[in-house]
6 protein chains.
Amino acid sequence: MLDVVTLGEAMLRLSAAPGESLEAAPALAVRAAGAEANVAVTLARLGFRTGWISRLPDDALGRRVAGEIRRHGVDVSAVVWAERGRTGLYFLERGVTPRGTAVHYDRAGSAFSEIDAEAIDWDYARAARWVHVTGITPALGPGCAAAAARLIREARASGGRVSFDVNYRHKLWSLEAARATLDPMLRELDLLVMTRDDAQALFGLEGPPAAQAETARARWRCGAVAVTAGTDGACLAAADGLAAVRAVPGVELDRIGRGDAFAAGLLWGALDGDLRAGLRYGAALAALCQTYEGDVAWVTRDDVLALLAGAASRTAR
Amino acid sequence: MLDVVTLGEAMLRLSAAPGESLEAAPALAVRAAGAEANVAVTLARLGFRTGWISRLPDDALGRRVAGEIRRHGVDVSAVVWAERGRTGLYFLERGVTPRGTAVHYDRAGSAFSEIDAEAIDWDYARAARWVHVTGITPALGPGCAAAAARLIREARASGGRVSFDVNYRHKLWSLEAARATLDPMLRELDLLVMTRDDAQALFGLEGPPAAQAETARARWRCGAVAVTAGTDGACLAAADGLAAVRAVPGVELDRIGRGDAFAAGLLWGALDGDLRAGLRYGAALAALCQTYEGDVAWVTRDDVLALLAGAASRTAR
Amino acid sequence: MLDVVTLGEAMLRLSAAPGESLEAAPALAVRAAGAEANVAVTLARLGFRTGWISRLPDDALGRRVAGEIRRHGVDVSAVVWAERGRTGLYFLERGVTPRGTAVHYDRAGSAFSEIDAEAIDWDYARAARWVHVTGITPALGPGCAAAAARLIREARASGGRVSFDVNYRHKLWSLEAARATLDPMLRELDLLVMTRDDAQALFGLEGPPAAQAETARARWRCGAVAVTAGTDGACLAAADGLAAVRAVPGVELDRIGRGDAFAAGLLWGALDGDLRAGLRYGAALAALCQTYEGDVAWVTRDDVLALLAGAASRTAR
Amino acid sequence: MLDVVTLGEAMLRLSAAPGESLEAAPALAVRAAGAEANVAVTLARLGFRTGWISRLPDDALGRRVAGEIRRHGVDVSAVVWAERGRTGLYFLERGVTPRGTAVHYDRAGSAFSEIDAEAIDWDYARAARWVHVTGITPALGPGCAAAAARLIREARASGGRVSFDVNYRHKLWSLEAARATLDPMLRELDLLVMTRDDAQALFGLEGPPAAQAETARARWRCGAVAVTAGTDGACLAAADGLAAVRAVPGVELDRIGRGDAFAAGLLWGALDGDLRAGLRYGAALAALCQTYEGDVAWVTRDDVLALLAGAASRTAR
Amino acid sequence: MLDVVTLGEAMLRLSAAPGESLEAAPALAVRAAGAEANVAVTLARLGFRTGWISRLPDDALGRRVAGEIRRHGVDVSAVVWAERGRTGLYFLERGVTPRGTAVHYDRAGSAFSEIDAEAIDWDYARAARWVHVTGITPALGPGCAAAAARLIREARASGGRVSFDVNYRHKLWSLEAARATLDPMLRELDLLVMTRDDAQALFGLEGPPAAQAETARARWRCGAVAVTAGTDGACLAAADGLAAVRAVPGVELDRIGRGDAFAAGLLWGALDGDLRAGLRYGAALAALCQTYEGDVAWVTRDDVLALLAGAASRTAR
Amino acid sequence: MLDVVTLGEAMLRLSAAPGESLEAAPALAVRAAGAEANVAVTLARLGFRTGWISRLPDDALGRRVAGEIRRHGVDVSAVVWAERGRTGLYFLERGVTPRGTAVHYDRAGSAFSEIDAEAIDWDYARAARWVHVTGITPALGPGCAAAAARLIREARASGGRVSFDVNYRHKLWSLEAARATLDPMLRELDLLVMTRDDAQALFGLEGPPAAQAETARARWRCGAVAVTAGTDGACLAAADGLAAVRAVPGVELDRIGRGDAFAAGLLWGALDGDLRAGLRYGAALAALCQTYEGDVAWVTRDDVLALLAGAASRTAR
């Protein structure tokens, strides 16, 4: 039995070195990445049993994506292998202030975007304690949206719990389309995560993050709602009231994946029955994640606990 | 006025180092490449005025493709810039005997595949002495096929000459589809180029390359037909009879682009009014091309002439 | 239930680029490798369920080794994690004729070398259809030798079959020590593999490989014995007589791991009940393996079958 | 007709990675760069038609320099190709506080340093709306100085406008020599650019940048004078009075080329008839330029306008 | 006659790029490094005649270590070459706040750890004006401790002076073991260096660095004691009273080796008879050292003096 | 006292990777190299005490050249450090058949080319058993020619022996100029080395290498003359008659430096009093040298002897 099952697309990330333009970089570093897979990877690294459902072409690039996720210990046995189709890509040009990070998606028509919910082994999902879904999946196509909705239904039907990270991507769909699709999905979640900006722009939630979280919790009757605010930290509204955490200060070497690391931290707490601890885990994981190239935080449970215990970021030797 | 105008797609080529699998390579080298652009590049390097018509997205990847082609001196002012659309890609895993070179196309839905002949500046094409087309373009979509056909018509109408390189790609279309589309395009060309294998498989031309070339010349009433046979060299059937050239022996460091280099050599001869010389230029350029990583032969006219003059491949110092 | 379980050490391989000396290389490529793990990886890539038993330090280097093996699908849940100890290493300087490949082991005192058979989950091993052992493991220390011997016993006791690859390493132990330890382990194996040179030097088996294989089969009463002879191919002596296979010609880009690829091919045949087919699979896998940097042949079952079916090593596009 | 023509040397820039010493770096990154070429490149990227006059050896290194500049769309048809001579070089060791950036010129005796004004196609220059010259060119040799002076005369004679960037380089000549040569060249320019430090050290202009700019404008009867002051921004004195711009804050990943980017921004404004806008463009381009490795700011007109419009430097996805 | 002789282990340093995990880095940069060798290298670069005594295996890795140290001008003729044994290693994962730098030692059982004082050419050491020892050497084994102690005795007996840098490494030994071994070695040194943290934790020296230095000087009757306090600078207690220096502010690109650079600066002053100048040299060298990848500060005497003279860290060109 | 002293220029070698054009390579590998320094390096690696006299600028590039030579153990204390001047460079594009290796010298005006014989410490040279000179040095300038001639005179006056490697470089001077300068230098050498081609083209020596060597020995009254003939091996004419050696077959990964390795092998024999052995050493070293990137053969005496003893170029493990 798995602790957490996620469903989503993972892409190949092709990134230029800092200071290099995509227009000129002689080589691009290749890594596998995707919001839901990132969460599964982080939780696997922390010691949880996780599985990732997706659809990939049965070729070298598809095998690469699955292999890079599996190396961390995520179970990929429920991936649907497609005879045809492409692997989604994203090209990344790293930001250097005042130049922003540029994410150039090239994922249209991917094997995942054509996933058919009927092809998924739902027994696999039903056996999980928890399922995690993000708002990216419904943006990728009707089959994807159906699969995400079905995953939530299956989990509920079998007594599993459900978390959802809104993750609005304006390059994938409009605010209107996202709102219409996502709003009904947010009802009665065990854990809902969104950014302050998404809360405001997508759902009209005003006020500081704490207020947004409380309003959201009431509106969708969720168990808990976390609203993240970047360097301003994050807030959590739950049955036992409000909690907040400051962002852990640090260098932003590569910000991609930070939100997924935060969500994984929250889930760690949730799985351990201590969401407030999860808020702290999330803040630590987000800060650690952005010190690594790539979406993955190459850390262990001990690394996170040591950071939270105040171990100075000194040279250990 | 330009000497040669070509029309076709150029892609980003993402290649793993020799000995690396696409499933594992930590980085991929990036270069721009495409059969027609390769011909334009080589001819520009040889001193001819060349132009390349294409369609690219107006983003960093599209600008990269155009910029890499322009650096050699090819005029790219007739490229159609698309607000939307993707840049075609191909992933390349280099062959090491007995493992073959693997070309993994990811070009479906590219900006070029949606080109509309009406958007092209046909005055530009009409002003060229010569136009060059390949059989890849018609495989990429109906708009592409229409543009290729129109380019040939426009050239003829304005007194330009026309060459065509068959370049069958089985990953793009079936033999049947290719035959149906390409056969009518081959009529009355000034110069037709094809491989021995394509001659046989696509058009049923039997016998040795010389016989294939003569049969093809008669069937389509072309000015000249060249049939290439890899390490067995190439044959040319023209009004003044048959000619043959041996392949120039050498190391096959990266075979992609070799055929385009050969075609460029033939065109050099054709533009100079000496197709038999072109056959020798083609053999030399093909051998030189495969000594470079990437599709481009980074040579000059002098390098080709020196090789043909028998200058030993010794260290010059 | 797993198809094949292996036990052995995997190291980090630190290799200089071709043409670089270990005395000067500015950087070393890092990969995980080890004879038994290589076999498990290849079989997993071919579609078999495989597991690898080992002992690794619970640190970044140890996790790396396990992760790189797991990415191919090998189950690593039976790895024993050590609180202390080092990860074995080997430094590799690639050979260029007439300079030989130099393997510089730095594996003394590794976590694996201190493995205790009592710490291993023998239920795990007993559940496998087949176990695979090599002569490297007994060379690494008394605990290693005990674990290898126990694995064979457990397999037999539970009805599993056993293969053994002699793999003599003169940098690890003397001929005398190896002979004394290995000779008794070779009795009544289902499949025994050794090189022509090891057959002669270690066990005094004279004559051509076919004769060596037959003599060995009789001496140790094995089900089948394969003797490999590099570019001269390999011979198999089994109940149904002798079989031979020629080496598949090709470029030796990186010879390390070739023997393990051959053994994996034999096991593929053995698991499918067709050892003679395994001989051909082994020859193909060995040739493919040496076209990749690193110990791993990044191929699929289809790649091997295509090579054996005579598909030319041409560019596929 | 070209919008802007520049004349100057471009070199190969051989740069060590950050943290690497030139005394030890195993490899050096290669790029083409030169102050005037940088301006032409940036303006071409912004959509202006620009041309660059220079002299390069007709060999691989010379072709490289021209090709890298041409890829951005700069016309290089007026480059004089020399049968003999070397390509100027500069070695770059990146600064890390408190260690300064070290530029190690190796440009003596370059093909450009031996340029003969008679060999230049002055019709080409006369056809431009604007010519741009820097104080580096006169430092490189008498022929260079003559060519720079002639370019200014030709532009004026044909109704073109003239800008001049002082760019004092103490490694090329003394303050005295620079002053004697440059002072007479600055008269009646349409646009003069210099740093606060050069204004003071070379020409004795005291006071804050605004005062320096006004004094300079009066002294040399220029249309407009811009004085740059690094992180303190820049001031412009023109017929309509004084204007100032703050530096756009950001990370200084590679400061080389920043001044050229600023000058290009000013010219953009000048060509559009709005020098005050040019001051803002310059500040934005300078900040963007130093976020890229190499002298070139790989940006588009839209990138600059977005930055000035206050678009947050956030991840776009 | 040499100015300074040191004795200690140098290792190969295998470092991942910033942002890369040791668990995933595809390649590791290789450099030679060791505290005492670093001091010898820096002093050689500054113009002093230095020698380094060590023990290395006579293989490619051992030769590499010696060669990299010799390239700076350090005499390595007194290195003891071992027929067997390994070269010590350390793996380095660079810190990015809040993630600390991780030094993963793999030096147990190195050739140096088995050094026998009898194998050392003590005449070589006796001929030096000054010997430098660190507290790392006694941690590496009894032979190492004996050799360090003997070096101090030999120097004293022949009129040489002695410096000692405490350099406690908690991954090598406990506080208790270090205290017991090091305390008696600190008596009557000419120069003792330690960090504020080591002073407190190892020897119970309380108070600010100045107080620690004075107490230490009295306790062990040393000529001079320097206590370093990272970004808080350093203090020196000597016969002529107390002196302090502020840390030179700068970017911490790679902190490893900074302490050794500081010690080398102090020794420079000591050799010139001006320890207070040495304090400033040390501060400058420490700041410069951490701007380079690797343990070595690739600077000259002029670079240090220019920094101290207030030369701005500007681009020099 | 040194065994061998050489005098010559060493340059920075900037080489593109195989398959890369100098016109496009994104980075160039940097190494120090020069014919005489290569000989000194190889002999030092073989255990001889060698010194190298040269002139280098006192900057990072000059220090780099000296440091890279010193790391092998060559004494560089007699290098003359120039306050001004440049380090000679050569750009290298690796040959791939039929494309030849291209050496692009950029050494005009180097610090070495302006060497003044008076600035050299001739006592240093006089103390050597043997001096080695090549025909490159006289080509670099009159001071260089004077220094080379003086070195020969000084050696003779002090009883040292002299070897000379003709090494004609057509990019440096004409056949006529070389002949006029070199012919008088060849008289009464202890060892003269030249290629078959130089023997014929420069000095009109006809016939096979053996005849060329005998004629040369008689003409210039040399102790011994070796004539090399690439893959045809080499011949030696000496007092005890003729000897010949076949080339050791192998892969030509990087041919630059092969001739210097051969000369070093001959000198090894000469220093040991066995020139015929030297012929074999030379053949082995030449073959080994071309298996390494760069001019240096990273081998030891044992490696050479093992190759000559017929040790198979197999993997050692």
# chains A, B, ... in the order shown; residues from 1 in each chain; ligands from 1

call {"tool": "residues_around", "arguments": {"residues": "Ala224 of chain C", "least_positions_apart": "4", "cutoff": "8 Å", "atoms": "only C-alpha atoms", "output": "ChimeraX atom specification"}}
result
/C:189-192,217,236-239

call {"tool": "interface_residues", "arguments": {"of": "chain C", "to": "chain D", "cutoff": "10 Å", "atoms": "only C-alpha atoms", "output": "list in words"}}
result
Ala24, Ala25, Pro26 and Ala27 of chain C

call {"tool": "atom_distance", "arguments": {"atom1": "atom CA of Ala155 of chain A", "atom2": "atom CA of Asp123 of chain A"}}
result
9.9 Å

call {"tool": "residues_around", "arguments": {"residues": "segment 91-104 of chain D", "least_positions_apart": "6", "cutoff": "9 Å", "atoms": "only C-alpha atoms", "output": "MDAnalysis selection string"}}
result
(chainID D and resid 12:22 28 171 253:256) or (chainID E and resid 248:253 284 287:288 291:292 303 307 312:317)

call {"tool": "select_by_dssp", "arguments": {"residues": "segment 237-294 of chain F", "states": "alpha helix (DSSP H)", "output": "PyMOL selection string"}}
result
chain F and resi 258-272+275-289

call {"tool": "atom_distance", "arguments": {"atom1": "atom CA of Arg187 of chain F", "atom2": "atom CA of Trp268 of chain F"}}
result
21.9 Å

call {"tool": "atom_distance", "arguments": {"atom1": "atom CA of Leu56 of chain F", "atom2": "atom CA of Ala111 of chain F"}}
result
5.5 Å

call {"tool": "residues_around", "arguments": {"residues": "Ala44 of chain D", "least_positions_apart": "2", "cutoff": "12 Å", "atoms": "only C-alpha atoms", "output": "NGL selection string"}}
result
(:B and (67)) or (:D and (2-6 or 37-42 or 46-52 or 69-76 or 261 or 264-265 or 267-268 or 296-301))

call {"tool": "select_by_dssp", "arguments": {"residues": "segment 242-295 of chain B", "states": "strand (DSSP E)", "output": "PDB file with N, CA, C and O atoms, in the first residue's frame"}}
result
ATOM      1  N   LEU B 242      26.882   9.949 -69.182  1.00  0.00           N
ATOM      2  CA  LEU B 242      27.011   9.524 -67.799  1.00  0.00           C
ATOM      3  C   LEU B 242      28.355   9.948 -67.214  1.00  0.00           C
ATOM      4  O   LEU B 242      29.362   9.991 -67.924  1.00  0.00           O
ATOM      5  N   ALA B 243      28.345  10.213 -65.915  1.00  0.00           N
ATOM      6  CA  ALA B 243      29.593  10.450 -65.197  1.00  0.00           C
ATOM      7  C   ALA B 243      29.465   9.795 -63.834  1.00  0.00           C
ATOM      8  O   ALA B 243      28.355   9.611 -63.332  1.00  0.00           O
ATOM      9  N   ALA B 244      30.596   9.447 -63.273  1.00  0.00           N
ATOM     10  CA  ALA B 244      30.558   8.809 -61.958  1.00  0.00           C
ATOM     11  C   ALA B 244      31.677   9.370 -61.102  1.00  0.00           C
ATOM     12  O   ALA B 244      32.677   9.880 -61.604  1.00  0.00           O
ATOM     13  N   VAL B 245      31.490   9.297 -59.802  1.00  0.00           N
ATOM     14  CA  VAL B 245      32.540   9.734 -58.877  1.00  0.00           C
ATOM     15  C   VAL B 245      32.588   8.723 -57.747  1.00  0.00           C
ATOM     16  O   VAL B 245      31.567   8.172 -57.337  1.00  0.00           O
TER      17      VAL B 245
END
